[in-house]
$ cat data_17.txt   # compact mmCIF, C-alpha atoms and all ligand atoms
# COMPACT_ATOMS: atom_id res chain seq x y z
CA MET A 2 -13.65 -76.40 4.82
CA GLU A 3 -10.67 -74.66 6.42
CA LEU A 4 -11.25 -71.57 8.53
CA SER A 5 -8.92 -68.57 8.29
CA VAL A 6 -7.24 -67.25 11.40
CA GLU A 7 -9.78 -64.41 11.91
CA SER A 8 -12.63 -66.93 11.97
CA ARG A 9 -10.70 -69.34 14.18
CA CYS A 10 -10.57 -66.62 16.85
CA ILE A 11 -14.35 -67.03 17.07
CA HIS A 12 -15.33 -70.52 15.86
CA LEU A 13 -14.22 -74.10 16.04
CA LEU A 14 -15.53 -76.04 13.05
CA ASN A 15 -16.30 -79.17 15.03
CA ASP A 16 -17.75 -77.13 17.87
CA ASN A 17 -19.49 -79.07 20.59
CA LYS A 18 -22.96 -77.52 20.31
CA SER A 19 -24.41 -79.76 22.99
CA ASP A 20 -25.75 -76.94 25.15
CA ARG A 21 -29.46 -77.62 25.40
CA TYR A 22 -30.41 -73.93 25.53
CA GLY A 23 -28.54 -73.06 22.33
CA SER A 24 -26.28 -70.60 24.15
CA ILE A 25 -24.12 -68.60 21.73
CA SER A 26 -21.60 -67.52 24.38
CA PHE A 27 -19.78 -70.62 25.62
CA PRO A 28 -21.14 -71.36 29.13
CA ILE A 29 -18.98 -70.94 32.23
CA TYR A 30 -18.91 -74.32 33.95
CA GLN A 31 -18.27 -72.94 37.41
CA THR A 32 -17.90 -76.31 39.08
CA ALA A 33 -15.06 -78.04 40.91
CA THR A 34 -16.26 -81.58 40.27
CA PHE A 35 -18.57 -83.67 38.04
CA ALA A 36 -21.05 -86.49 38.74
CA HIS A 37 -20.39 -89.94 37.29
CA PRO A 38 -23.18 -92.00 35.68
CA GLY A 39 -21.79 -95.21 37.28
CA ILE A 40 -18.63 -97.03 38.32
CA GLY A 41 -15.93 -96.70 35.69
CA GLN A 42 -18.04 -94.19 33.75
CA SER A 43 -17.35 -90.52 33.15
CA THR A 44 -18.92 -87.66 31.19
CA GLY A 45 -15.35 -86.92 30.11
CA TYR A 46 -14.95 -84.54 33.05
CA ASP A 47 -14.07 -85.66 36.56
CA TYR A 48 -12.48 -82.77 38.42
CA SER A 49 -11.73 -79.22 37.26
CA ARG A 50 -8.01 -79.34 38.09
CA VAL A 51 -7.76 -82.03 35.40
CA GLN A 52 -10.25 -80.63 32.90
CA ASN A 53 -13.22 -78.29 32.69
CA PRO A 54 -15.41 -77.71 29.61
CA THR A 55 -14.92 -73.92 29.53
CA ARG A 56 -11.14 -74.26 29.80
CA GLU A 57 -11.16 -77.02 27.21
CA GLN A 58 -13.00 -74.81 24.71
CA LEU A 59 -10.38 -72.09 25.23
CA GLU A 60 -7.54 -74.60 24.84
CA LYS A 61 -8.97 -75.86 21.55
CA ILE A 62 -9.18 -72.32 20.16
CA VAL A 63 -5.60 -71.48 21.22
CA ALA A 64 -4.26 -74.79 19.83
CA SER A 65 -5.98 -74.01 16.54
CA LEU A 66 -4.59 -70.43 16.41
CA GLU A 67 -1.02 -71.61 17.13
CA CYS A 68 -1.32 -74.53 14.65
CA GLY A 69 -0.57 -77.00 17.46
CA THR A 70 -2.28 -80.23 18.46
CA ASP A 71 -2.71 -79.31 22.12
CA ALA A 72 -2.78 -76.10 24.17
CA ILE A 73 -2.86 -76.07 27.95
CA ALA A 74 -4.31 -73.07 29.79
CA PHE A 75 -2.56 -71.92 32.97
CA SER A 76 -3.40 -69.42 35.69
CA SER A 77 -0.68 -67.06 34.38
CA GLY A 78 2.26 -66.91 31.99
CA MET A 79 4.60 -67.66 34.88
CA ALA A 80 2.53 -70.73 35.83
CA ALA A 81 2.97 -71.92 32.23
CA LEU A 82 6.74 -71.43 32.39
CA LEU A 83 7.00 -73.09 35.80
CA THR A 84 5.14 -76.13 34.46
CA ILE A 85 7.31 -76.27 31.31
CA MET A 86 10.44 -76.20 33.49
CA GLU A 87 9.21 -79.33 35.32
CA LEU A 88 10.07 -81.23 32.10
CA PHE A 89 13.73 -80.94 33.16
CA LYS A 90 15.72 -82.58 35.92
CA PRO A 91 18.75 -81.73 38.06
CA GLY A 92 21.89 -81.64 35.93
CA ASP A 93 20.09 -80.41 32.81
CA HIS A 94 21.28 -77.22 31.18
CA ILE A 95 19.06 -74.63 29.49
CA LEU A 96 20.26 -71.93 27.12
CA VAL A 97 18.09 -68.80 27.38
CA ASP A 98 18.10 -65.44 25.66
CA SER A 99 19.83 -62.69 27.64
CA ASP A 100 17.00 -60.19 27.04
CA LEU A 101 13.83 -61.65 28.57
CA TYR A 102 10.77 -60.59 30.51
CA GLY A 103 12.16 -59.92 34.01
CA GLY A 104 9.82 -62.46 35.65
CA SER A 105 11.10 -65.24 33.38
CA ALA A 106 14.71 -64.30 34.14
CA ARG A 107 13.86 -64.36 37.87
CA LEU A 108 12.19 -67.78 37.55
CA PHE A 109 15.29 -69.24 35.86
CA LYS A 110 17.63 -67.65 38.36
CA THR A 111 15.82 -68.30 41.62
CA ILE A 112 13.73 -71.42 40.98
CA SER A 113 15.26 -73.45 38.13
CA GLU A 114 18.79 -73.06 39.49
CA LYS A 115 17.67 -74.07 43.01
CA ASN A 116 16.17 -77.19 41.39
CA GLY A 117 19.57 -78.10 39.93
CA ILE A 118 19.01 -76.87 36.39
CA SER A 119 21.82 -74.68 35.15
CA VAL A 120 20.93 -71.73 32.97
CA THR A 121 23.18 -69.78 30.61
CA ALA A 122 22.05 -66.52 29.03
CA THR A 123 23.22 -65.57 25.56
CA ASP A 124 22.08 -63.08 22.94
CA PHE A 125 20.30 -65.31 20.39
CA SER A 126 20.02 -62.41 17.96
CA LYS A 127 23.78 -62.01 17.56
CA ASP A 128 25.97 -64.40 19.58
CA ASN A 129 27.28 -67.75 18.37
CA ILE A 130 24.86 -69.91 20.31
CA GLU A 131 26.65 -73.16 19.47
CA SER A 132 29.58 -72.12 21.65
CA ALA A 133 27.27 -71.93 24.69
CA ILE A 134 25.94 -75.49 24.27
CA THR A 135 27.11 -78.14 26.76
CA LYS A 136 26.64 -81.92 26.73
CA ASP A 137 23.71 -81.38 29.14
CA THR A 138 21.84 -78.74 27.11
CA LYS A 139 18.20 -79.85 26.93
CA ALA A 140 16.42 -76.73 25.72
CA PHE A 141 16.66 -73.26 24.19
CA PHE A 142 14.30 -70.59 25.47
CA VAL A 143 13.74 -67.34 23.59
CA GLU A 144 11.32 -64.49 23.13
CA THR A 145 11.21 -62.90 19.70
CA PRO A 146 10.84 -59.94 19.68
CA THR A 147 12.51 -59.81 23.11
CA ASN A 148 11.13 -57.87 26.04
CA PRO A 149 11.97 -55.00 26.06
CA MET A 150 14.78 -54.53 23.51
CA MET A 151 12.85 -56.02 20.56
CA ASN A 152 15.73 -58.24 19.35
CA ILE A 153 14.77 -60.78 16.72
CA THR A 154 15.85 -64.43 16.73
CA ASP A 155 15.64 -66.55 13.60
CA ILE A 156 13.35 -69.24 15.05
CA ARG A 157 13.98 -71.82 12.34
CA ALA A 158 17.75 -71.48 12.51
CA ALA A 159 17.76 -71.76 16.32
CA ALA A 160 15.34 -74.72 16.22
CA ASP A 161 17.62 -76.53 13.75
CA ILE A 162 20.57 -76.13 16.14
CA ALA A 163 18.43 -77.27 19.10
CA HIS A 164 17.27 -80.35 17.23
CA SER A 165 20.81 -81.24 16.15
CA ILE A 166 21.57 -81.84 19.86
CA ALA A 167 18.09 -83.32 20.64
CA ALA A 168 17.13 -80.25 22.68
CA LEU A 169 13.73 -78.57 22.77
CA MET A 170 13.12 -75.18 21.16
CA ILE A 171 10.80 -73.15 23.40
CA VAL A 172 9.46 -69.79 22.21
CA ASP A 173 7.61 -67.23 24.32
CA ASN A 174 5.28 -65.79 21.65
CA THR A 175 3.55 -63.26 23.92
CA PHE A 176 4.69 -60.11 22.05
CA LEU A 177 3.25 -61.05 18.66
CA SER A 178 0.38 -63.41 19.56
CA PRO A 179 -0.55 -66.36 17.33
CA TYR A 180 -2.22 -63.92 14.94
CA LEU A 181 1.17 -62.60 13.80
CA GLN A 182 3.61 -65.47 14.41
CA ASN A 183 3.34 -69.26 14.71
CA PRO A 184 6.65 -70.64 16.05
CA LEU A 185 5.47 -74.28 15.84
CA LEU A 186 5.39 -73.88 12.05
CA LEU A 187 9.00 -72.64 12.19
CA GLY A 188 10.30 -75.67 14.08
CA ALA A 189 9.62 -74.75 17.73
CA ASP A 190 8.56 -77.59 20.03
CA ILE A 191 6.75 -75.58 22.70
CA VAL A 192 5.13 -72.15 22.38
CA MET A 193 4.46 -70.31 25.58
CA HIS A 194 2.18 -67.32 26.10
CA SER A 195 1.33 -64.88 28.78
CA GLY A 196 -2.37 -64.99 27.87
CA THR A 197 -2.73 -61.95 30.10
CA LYS A 198 -1.52 -59.82 27.21
CA TYR A 199 -2.88 -59.91 23.61
CA LEU A 200 -4.92 -63.11 23.94
CA ALA A 201 -7.08 -61.86 26.83
CA GLY A 202 -6.52 -58.37 25.47
CA HIS A 203 -8.29 -56.18 28.04
CA ASN A 204 -6.00 -56.09 31.09
CA ASP A 205 -8.74 -57.77 33.11
CA THR A 206 -7.33 -61.20 33.93
CA LEU A 207 -4.14 -63.26 34.08
CA ALA A 208 -3.64 -66.40 31.97
CA GLY A 209 -0.88 -68.46 30.40
CA PHE A 210 -0.53 -71.13 27.70
CA ALA A 211 1.78 -73.86 26.52
CA VAL A 212 1.10 -75.11 22.99
CA VAL A 213 2.71 -78.20 21.45
CA LYS A 214 2.44 -80.40 18.40
CA SER A 215 3.91 -83.62 19.83
CA SER A 216 1.63 -85.98 21.74
CA LYS A 217 4.55 -86.99 23.96
CA LEU A 218 5.06 -83.39 25.14
CA SER A 219 1.32 -82.94 25.53
CA ASP A 220 1.09 -86.07 27.75
CA GLN A 221 4.11 -84.99 29.82
CA LEU A 222 2.85 -81.43 30.34
CA ARG A 223 -0.72 -82.51 31.11
CA ASN A 224 0.59 -84.96 33.68
CA ILE A 225 2.64 -82.24 35.41
CA TYR A 226 -0.27 -79.81 35.16
CA LYS A 227 -2.84 -82.06 36.78
CA THR A 228 -0.31 -82.93 39.48
CA ILE A 229 0.72 -79.40 40.46
CA GLY A 230 -2.59 -77.63 39.70
CA THR A 231 -1.40 -74.62 37.73
CA ASN A 232 -4.70 -74.53 35.84
CA LEU A 233 -6.83 -71.60 34.68
CA ALA A 234 -10.19 -71.16 36.44
CA PRO A 235 -13.48 -71.46 34.49
CA PHE A 236 -14.43 -67.78 34.73
CA ASP A 237 -10.99 -66.61 33.62
CA SER A 238 -11.10 -69.14 30.78
CA TRP A 239 -14.33 -67.52 29.65
CA LEU A 240 -12.83 -64.02 29.83
CA VAL A 241 -9.93 -65.10 27.62
CA LEU A 242 -12.34 -66.84 25.21
CA ARG A 243 -14.23 -63.56 24.92
CA GLY A 244 -11.03 -61.55 24.48
CA ILE A 245 -9.69 -63.80 21.71
CA GLN A 246 -12.78 -63.20 19.57
CA THR A 247 -11.40 -59.76 18.71
CA LEU A 248 -7.70 -60.71 18.58
CA ALA A 249 -7.39 -60.17 14.82
CA VAL A 250 -9.06 -56.76 14.71
CA ARG A 251 -7.24 -55.57 17.84
CA MET A 252 -3.85 -56.65 16.52
CA ASP A 253 -4.45 -55.05 13.12
CA ARG A 254 -5.37 -51.70 14.64
CA ALA A 255 -2.70 -51.72 17.36
CA GLN A 256 -0.01 -52.64 14.85
CA GLU A 257 -1.06 -49.90 12.44
CA ASN A 258 -0.96 -47.40 15.33
CA ALA A 259 2.47 -48.69 16.42
CA ARG A 260 3.97 -48.19 12.98
CA LYS A 261 2.78 -44.57 12.88
CA ILE A 262 4.01 -43.91 16.41
CA ALA A 263 7.41 -45.48 15.64
CA GLU A 264 7.76 -43.11 12.68
CA PHE A 265 6.67 -40.13 14.77
CA LEU A 266 9.16 -40.96 17.54
CA GLN A 267 11.97 -41.61 15.09
CA ASN A 268 11.68 -38.03 13.85
CA HIS A 269 11.28 -36.40 17.25
CA PRO A 270 14.29 -34.36 18.44
CA LYS A 271 14.03 -35.64 22.03
CA ILE A 272 14.11 -39.31 20.98
CA GLU A 273 17.56 -40.89 20.66
CA LYS A 274 16.62 -44.30 19.34
CA VAL A 275 13.50 -46.32 18.50
CA TYR A 276 13.49 -50.14 18.66
CA TYR A 277 10.66 -51.43 16.48
CA PRO A 278 11.17 -54.43 14.17
CA GLY A 279 8.85 -52.91 11.59
CA LEU A 280 11.38 -50.14 10.87
CA LYS A 281 13.86 -50.82 8.07
CA SER A 282 16.63 -49.51 10.33
CA HIS A 283 16.01 -52.35 12.83
CA ARG A 284 18.75 -55.00 12.92
CA GLY A 285 16.22 -57.87 12.77
CA TYR A 286 13.93 -56.33 10.12
CA GLU A 287 14.55 -58.96 7.41
CA ILE A 288 14.19 -61.99 9.70
CA GLN A 289 11.09 -60.49 11.26
CA LYS A 290 9.56 -59.98 7.82
CA LYS A 291 10.37 -63.56 6.85
CA GLN A 292 9.02 -65.32 9.94
CA ALA A 293 6.06 -63.20 11.09
CA LYS A 294 3.03 -61.58 9.52
CA GLY A 295 3.83 -58.22 11.11
CA ALA A 296 6.00 -56.37 13.57
CA GLY A 297 3.39 -56.14 16.31
CA ALA A 298 2.43 -53.24 18.53
CA MET A 299 5.24 -53.10 21.08
CA LEU A 300 8.04 -50.59 20.79
CA THR A 301 10.89 -49.39 22.95
CA PHE A 302 12.71 -46.08 22.75
CA ASN A 303 15.35 -43.98 24.45
CA VAL A 304 14.65 -40.36 25.30
CA ASP A 305 17.42 -37.76 25.61
CA SER A 306 17.64 -37.66 29.42
CA TYR A 307 16.31 -39.01 32.70
CA GLU A 308 14.60 -35.62 33.15
CA SER A 309 12.57 -36.29 30.00
CA VAL A 310 11.62 -39.76 31.32
CA LYS A 311 10.25 -38.25 34.53
CA LYS A 312 8.38 -35.53 32.67
CA MET A 313 6.87 -37.95 30.19
CA LEU A 314 5.69 -40.40 32.82
CA SER A 315 3.98 -37.70 34.85
CA ASN A 316 2.52 -35.78 31.92
CA ILE A 317 0.98 -38.41 29.66
CA ARG A 318 -2.81 -38.11 29.75
CA VAL A 319 -4.28 -40.70 27.37
CA ILE A 320 -1.45 -43.21 27.66
CA GLN A 321 -1.06 -44.57 31.20
CA PHE A 322 2.10 -45.29 33.16
CA ALA A 323 1.75 -48.99 34.04
CA GLU A 324 3.34 -52.40 33.60
CA SER A 325 1.94 -54.95 31.20
CA LEU A 326 0.95 -54.84 27.56
CA GLY A 327 -1.39 -56.17 24.94
CA GLY A 328 -4.59 -54.49 26.11
CA THR A 329 -6.90 -52.13 24.27
CA GLU A 330 -5.38 -49.18 26.14
CA SER A 331 -1.86 -47.86 25.55
CA LEU A 332 0.56 -48.33 28.44
CA LEU A 333 3.98 -46.80 28.95
CA THR A 334 6.41 -48.83 31.07
CA TYR A 335 9.73 -47.95 32.67
CA PRO A 336 11.58 -51.32 32.50
CA LEU A 337 14.38 -50.30 34.90
CA THR A 338 12.08 -50.04 37.94
CA GLN A 339 9.09 -52.09 36.74
CA THR A 340 9.21 -55.22 34.55
CA HIS A 341 12.99 -55.66 34.85
CA ALA A 342 13.62 -54.37 38.38
CA ASP A 343 14.96 -57.77 39.54
CA VAL A 344 17.42 -58.20 36.68
CA ASP A 345 21.07 -57.47 37.50
CA ARG A 346 21.95 -53.87 36.52
CA ASN A 347 25.05 -55.06 34.62
CA VAL A 348 22.96 -57.45 32.54
CA LEU A 349 20.50 -54.63 31.83
CA ALA A 350 23.35 -52.36 30.76
CA ILE A 351 24.74 -55.02 28.38
CA ASN A 352 21.27 -55.49 26.92
CA GLY A 353 20.97 -51.73 26.41
CA ILE A 354 18.31 -51.01 29.04
CA THR A 355 19.25 -47.70 30.65
CA GLU A 356 17.66 -44.96 32.72
CA THR A 357 16.35 -43.40 29.52
CA THR A 358 14.65 -46.53 28.13
CA LEU A 359 10.85 -46.59 27.90
CA ARG A 360 8.59 -49.32 26.53
CA LEU A 361 5.25 -48.57 24.92
CA SER A 362 2.41 -51.03 24.44
CA VAL A 363 0.35 -49.39 21.73
CA GLY A 364 -3.40 -49.80 22.15
CA ILE A 365 -6.31 -49.39 19.78
CA GLU A 366 -7.20 -45.77 20.55
CA ASN A 367 -7.23 -43.21 17.73
CA VAL A 368 -3.58 -42.89 16.74
CA ASN A 369 -3.77 -39.10 16.45
CA ASP A 370 -4.76 -38.86 20.11
CA LEU A 371 -1.80 -41.05 21.05
CA ILE A 372 0.68 -39.04 18.99
CA GLU A 373 -0.69 -35.77 20.33
CA ASP A 374 -0.36 -37.12 23.87
CA LEU A 375 3.26 -38.20 23.32
CA ASP A 376 4.07 -34.91 21.66
CA GLN A 377 2.70 -32.76 24.51
CA ALA A 378 4.37 -34.96 27.17
CA LEU A 379 7.72 -34.69 25.35
CA SER A 380 7.55 -30.96 24.78
CA LEU A 381 6.68 -29.89 28.32
C1 LIG A 401 3.93 -60.76 31.05
C2 LIG A 401 4.87 -61.69 30.42
C3 LIG A 401 5.13 -62.94 30.99
C4 LIG A 401 4.51 -63.38 32.31
O1 LIG A 401 3.16 -63.62 32.19
P1 LIG A 401 2.10 -63.40 33.39
O2 LIG A 401 0.80 -63.71 32.73
O3 LIG A 401 2.24 -61.99 33.87
O4 LIG A 401 2.47 -64.40 34.45
C5 LIG A 401 5.99 -63.79 30.32
N1 LIG A 401 6.57 -63.42 29.16
C6 LIG A 401 6.35 -62.23 28.60
C7 LIG A 401 7.02 -61.88 27.31
C8 LIG A 401 5.50 -61.33 29.21
O5 LIG A 401 5.30 -60.12 28.65
$ encode --input "data_17.txt" --output "structure tokens"
Amino acid sequence: MELSVESRCIHLLNDNKSDRYGSISFPIYQTATFAHPGIGQSTGYDYSRVQNPTREQLEKIVASLECGTDAIAFSSGMAALLTIMELFKPGDHILVDSDLYGGSARLFKTISEKNGISVTATDFSKDNIESAITKDTKAFFVETPTNPMMNITDIRAAADIAHSIAALMIVDNTFLSPYLQNPLLLGADIVMHSGTKYLAGHNDTLAGFAVVKSSKLSDQLRNIYKTIGTNLAPFDSWLVLRGIQTLAVRMDRAQENARKIAEFLQNHPKIEKVYYPGLKSHRGYEIQKKQAKGAGAMLTFNVDSYESVKKMLSNIRVIQFAESLGGTESLLTYPLTQTHADVDRNVLAINGITETTLRLSVGIENVNDLIEDLDQALSL
């Protein structure tokens, strides 16, 4: 029997039902260490930095959702990326997308470069990426859709180029979640997630993941992980396990809301442009349709003036002005001073992020309330 994705958010077929009380909710093994039956013997668990049953259950579910063979749970998305970057050594070159979550761009710029890894940014959605490859290029790193400009990269085409030079294709799949897109099935070697967003789903904890299908990468990453201790704690693992149970229904509702809001904004006189890959007018619409099950629930738009930005941010009443995304509640973000504050202003300008750019994470509230809220905040 093969379980569909909705069921895999909740069940593992070969679940370890060893709990002697028959607990339905997976127990939180809040322990740092484990007793050994004798010398050279182990219950399978020795120390929670290396492995913990609650975290392991979460990792199995995420591996199954991403169609990988192993998923590793980290204390945050940035901890996942930091660990992935330890696969590389001084002299290596990484080609990254020019439009990325600001924290990832900062990690590449301030930490990877200090460690001797050179990083070149290019627009994977439209540039000729082959011309940016050097003899030392060891990996490509992209988000698709990108944060915040919603550019779409053809994952399979980029993975083919990466593999032709024996480089790794790494995809940050945070914006769509494994419910809507599975990069490993499109040729990616490593999928990264900020589990803080759709996977946990309730803005109540931080988490990160790296998912792979090769046992070599799994061994390498697990070895780095147990050495540097970037692991997710048992209680947070449990929170993410609970959040994932509703991933499918949350994504369905949020995506449906996002489509209606994108259409509303597109027709609003104060909105200059809407970036949502589910709109036919979006440059990446066809690729998005081909490689993902939906366009997701994130959208970015430009209003007519900085005055309108200020008014909107202070007048929204249901939607809240905050960073982050992927929770049940809708959040409006101002990338220029929030998520992308540390990115060079020139780079932001090239990417199209201006003082009138806003990013909306659409939640699962009633869509009419959200549209009414946007409408009143725009018309004030
Ligand atoms: C939030 C985010 C991250 C960072 O994850 P944290 O869990 O906040 O450390 C990385 N990539 C994307 C696309 C994100 O939105």
$ atom_distance --input "data_17.txt" --atom1 "atom CA of Ile320 of chain A" --atom2 "atom CA of Lys274 of chain A"
19.9 Å
$ closest_atom_pairs --input "data_17.txt" --of "chain A" --to "ligand LIG 401 (chain A)" --cutoff "9 Å" --atoms "only C-alpha atoms and all ligand atoms" --output "JSON lines"
{"residue": "A:Phe75", "atom": "CA", "partner": "A:LIG401", "partner_atom": "O2", "distance": 8.9}
{"residue": "A:Ser76", "atom": "CA", "partner": "A:LIG401", "partner_atom": "O2", "distance": 7.7}
{"residue": "A:Ser77", "atom": "CA", "partner": "A:LIG401", "partner_atom": "O2", "distance": 4.0}
{"residue": "A:Gly78", "atom": "CA", "partner": "A:LIG401", "partner_atom": "O1", "distance": 3.4}
{"residue": "A:Met79", "atom": "CA", "partner": "A:LIG401", "partner_atom": "O4", "distance": 3.9}
{"residue": "A:Ala80", "atom": "CA", "partner": "A:LIG401", "partner_atom": "O4", "distance": 6.5}
{"residue": "A:Ala81", "atom": "CA", "partner": "A:LIG401", "partner_atom": "O4", "distance": 7.9}
{"residue": "A:Leu82", "atom": "CA", "partner": "A:LIG401", "partner_atom": "C5", "distance": 8.0}
{"residue": "A:Leu101", "atom": "CA", "partner": "A:LIG401", "partner_atom": "C7", "distance": 6.9}
{"residue": "A:Tyr102", "atom": "CA", "partner": "A:LIG401", "partner_atom": "C6", "distance": 5.1}
{"residue": "A:Gly103", "atom": "CA", "partner": "A:LIG401", "partner_atom": "C5", "distance": 8.2}
{"residue": "A:Gly104", "atom": "CA", "partner": "A:LIG401", "partner_atom": "C4", "distance": 6.3}
{"residue": "A:Ser105", "atom": "CA", "partner": "A:LIG401", "partner_atom": "C5", "distance": 6.1}
{"residue": "A:Glu144", "atom": "CA", "partner": "A:LIG401", "partner_atom": "C7", "distance": 6.5}
{"residue": "A:Thr145", "atom": "CA", "partner": "A:LIG401", "partner_atom": "C7", "distance": 8.7}
{"residue": "A:Pro146", "atom": "CA", "partner": "A:LIG401", "partner_atom": "C7", "distance": 8.8}
{"residue": "A:Thr147", "atom": "CA", "partner": "A:LIG401", "partner_atom": "C7", "distance": 7.2}
{"residue": "A:Asn148", "atom": "CA", "partner": "A:LIG401", "partner_atom": "C7", "distance": 5.9}
{"residue": "A:Pro149", "atom": "CA", "partner": "A:LIG401", "partner_atom": "C7", "distance": 8.6}
{"residue": "A:Asp173", "atom": "CA", "partner": "A:LIG401", "partner_atom": "C7", "distance": 6.2}
{"residue": "A:Asn174", "atom": "CA", "partner": "A:LIG401", "partner_atom": "C7", "distance": 7.1}
{"residue": "A:Thr175", "atom": "CA", "partner": "A:LIG401", "partner_atom": "C7", "distance": 5.0}
{"residue": "A:Phe176", "atom": "CA", "partner": "A:LIG401", "partner_atom": "C7", "distance": 6.0}
{"residue": "A:Met193", "atom": "CA", "partner": "A:LIG401", "partner_atom": "N1", "distance": 8.0}
{"residue": "A:His194", "atom": "CA", "partner": "A:LIG401", "partner_atom": "N1", "distance": 6.6}
{"residue": "A:Ser195", "atom": "CA", "partner": "A:LIG401", "partner_atom": "O1", "distance": 4.1}
{"residue": "A:Gly196", "atom": "CA", "partner": "A:LIG401", "partner_atom": "O2", "distance": 5.9}
{"residue": "A:Thr197", "atom": "CA", "partner": "A:LIG401", "partner_atom": "O2", "distance": 4.7}
{"residue": "A:Lys198", "atom": "CA", "partner": "A:LIG401", "partner_atom": "C1", "distance": 6.7}
{"residue": "A:Thr206", "atom": "CA", "partner": "A:LIG401", "partner_atom": "O2", "distance": 8.6}
{"residue": "A:Leu207", "atom": "CA", "partner": "A:LIG401", "partner_atom": "O2", "distance": 5.1}
{"residue": "A:Ala208", "atom": "CA", "partner": "A:LIG401", "partner_atom": "O2", "distance": 5.2}
{"residue": "A:Gly209", "atom": "CA", "partner": "A:LIG401", "partner_atom": "O2", "distance": 5.6}
{"residue": "A:Glu324", "atom": "CA", "partner": "A:LIG401", "partner_atom": "C1", "distance": 8.8}
{"residue": "A:Ser325", "atom": "CA", "partner": "A:LIG401", "partner_atom": "C1", "distance": 6.1}
{"residue": "A:Leu326", "atom": "CA", "partner": "A:LIG401", "partner_atom": "O5", "distance": 6.9}
{"residue": "A:Gly327", "atom": "CA", "partner": "A:LIG401", "partner_atom": "O5", "distance": 8.6}
{"residue": "A:Thr340", "atom": "CA", "partner": "A:LIG401", "partner_atom": "C1", "distance": 8.4}
$ closest_residue --input "data_17.txt" --among "A:Tyr277, A:Phe141, A:Trp239, A:Phe265" --to "Ser26 of chain A" --atoms "all atoms listed in the file"
A:Trp239
$ closest_residue --input "data_17.txt" --among "A:Leu300, A:Asp374, A:Gly364, A:Ile351" --to "Val319 of chain A" --atoms "all atoms listed in the file"
A:Asp374
$ residues_around --input "data_17.txt" --residues "Leu371 of chain A" --least-positions-apart "3" --cutoff "12 Å" --atoms "all atoms listed in the file" --output "VMD selection string"
chain A and resid 255 258 to 259 261 to 263 265 to 266 317 to 321 330 to 333 361 to 368 374 to 378
$ closest_residue --input "data_17.txt" --among "A:Asp16, A:Asp190, A:Asp305, A:Glu257" --to "Ala140 of chain A" --atoms "all atoms listed in the file"
A:Asp190
$ atom_distance --input "data_17.txt" --atom1 "atom CA of Tyr48 of chain A" --atom2 "atom CA of Phe210 of chain A"
19.8 Å
$ atom_distance --input "data_17.txt" --atom1 "atom CA of Tyr199 of chain A" --atom2 "atom CA of Leu177 of chain A"
8.0 Å
$ closest_residue --input "data_17.txt" --among "A:Ile166, A:Ala234, A:Ile372, A:Ile153" --to "Glu264 of chain A" --atoms "all atoms listed in the file"
A:Ile372
$ residues_around --input "data_17.txt" --residues "Phe35 of chain A" --least-positions-apart "4" --cutoff "10 Å" --atoms "all atoms listed in the file" --output "MDAnalysis selection string"
chainID A and resid 43:49 53
$ closest_residue --input "data_17.txt" --among "A:Thr138, A:Gln267, A:Gln289, A:Gln42" --to "Phe89 of chain A" --atoms "only C-alpha atoms"
A:Thr138
$ closest_residue --input "data_17.txt" --among "A:Lys281, A:Arg107, A:Arg360, A:His37" --to "Asn303 of chain A" --atoms "only C-alpha atoms"
A:Arg360
$ residues_near_point --input "data_17.txt" --point "(-6.6, -67.7, 14.0)" --cutoff "8 Å" --atoms "only C-alpha atoms" --output "short mmCIF file (atom, residue, chain, number, x, y, z; two decimals) with C-alpha atoms, in the frame of the given file"
data_model
loop_
_atom_site.label_atom_id
_atom_site.label_comp_id
_atom_site.auth_asym_id
_atom_site.auth_seq_id
_atom_site.Cartn_x
_atom_site.Cartn_y
_atom_site.Cartn_z
CA SER A 5 -8.92 -68.57 8.29
CA VAL A 6 -7.24 -67.25 11.40
CA GLU A 7 -9.78 -64.41 11.91
CA SER A 8 -12.63 -66.93 11.97
CA ARG A 9 -10.70 -69.34 14.18
CA CYS A 10 -10.57 -66.62 16.85
CA SER A 65 -5.98 -74.01 16.54
CA LEU A 66 -4.59 -70.43 16.41
CA GLU A 67 -1.02 -71.61 17.13
CA PRO A 179 -0.55 -66.36 17.33
CA TYR A 180 -2.22 -63.92 14.94
CA ALA A 249 -7.39 -60.17 14.82
#
$ residues_around --input "data_17.txt" --residues "Ile62 of chain A" --least-positions-apart "4" --cutoff "10 Å" --atoms "all atoms listed in the file" --output "VMD selection string"
chain A and resid 9 to 13 57 to 58 66 to 68 71 to 72 242 245 to 246
$ residues_around --input "data_17.txt" --residues "Asp20 of chain A" --least-positions-apart "4" --cutoff "12 Å" --atoms "only C-alpha atoms" --output "list in words"
Asp16, Ser24, Ile25, Ser26, Phe27, Pro28, Ile29, Tyr30 and Pro54 of chain A
$ residues_around --input "data_17.txt" --residues "Leu280 of chain A" --least-positions-apart "4" --cutoff "9 Å" --atoms "all atoms listed in the file" --output "PyMOL selection string"
chain A and resi 260+263-264+275-276+286+296
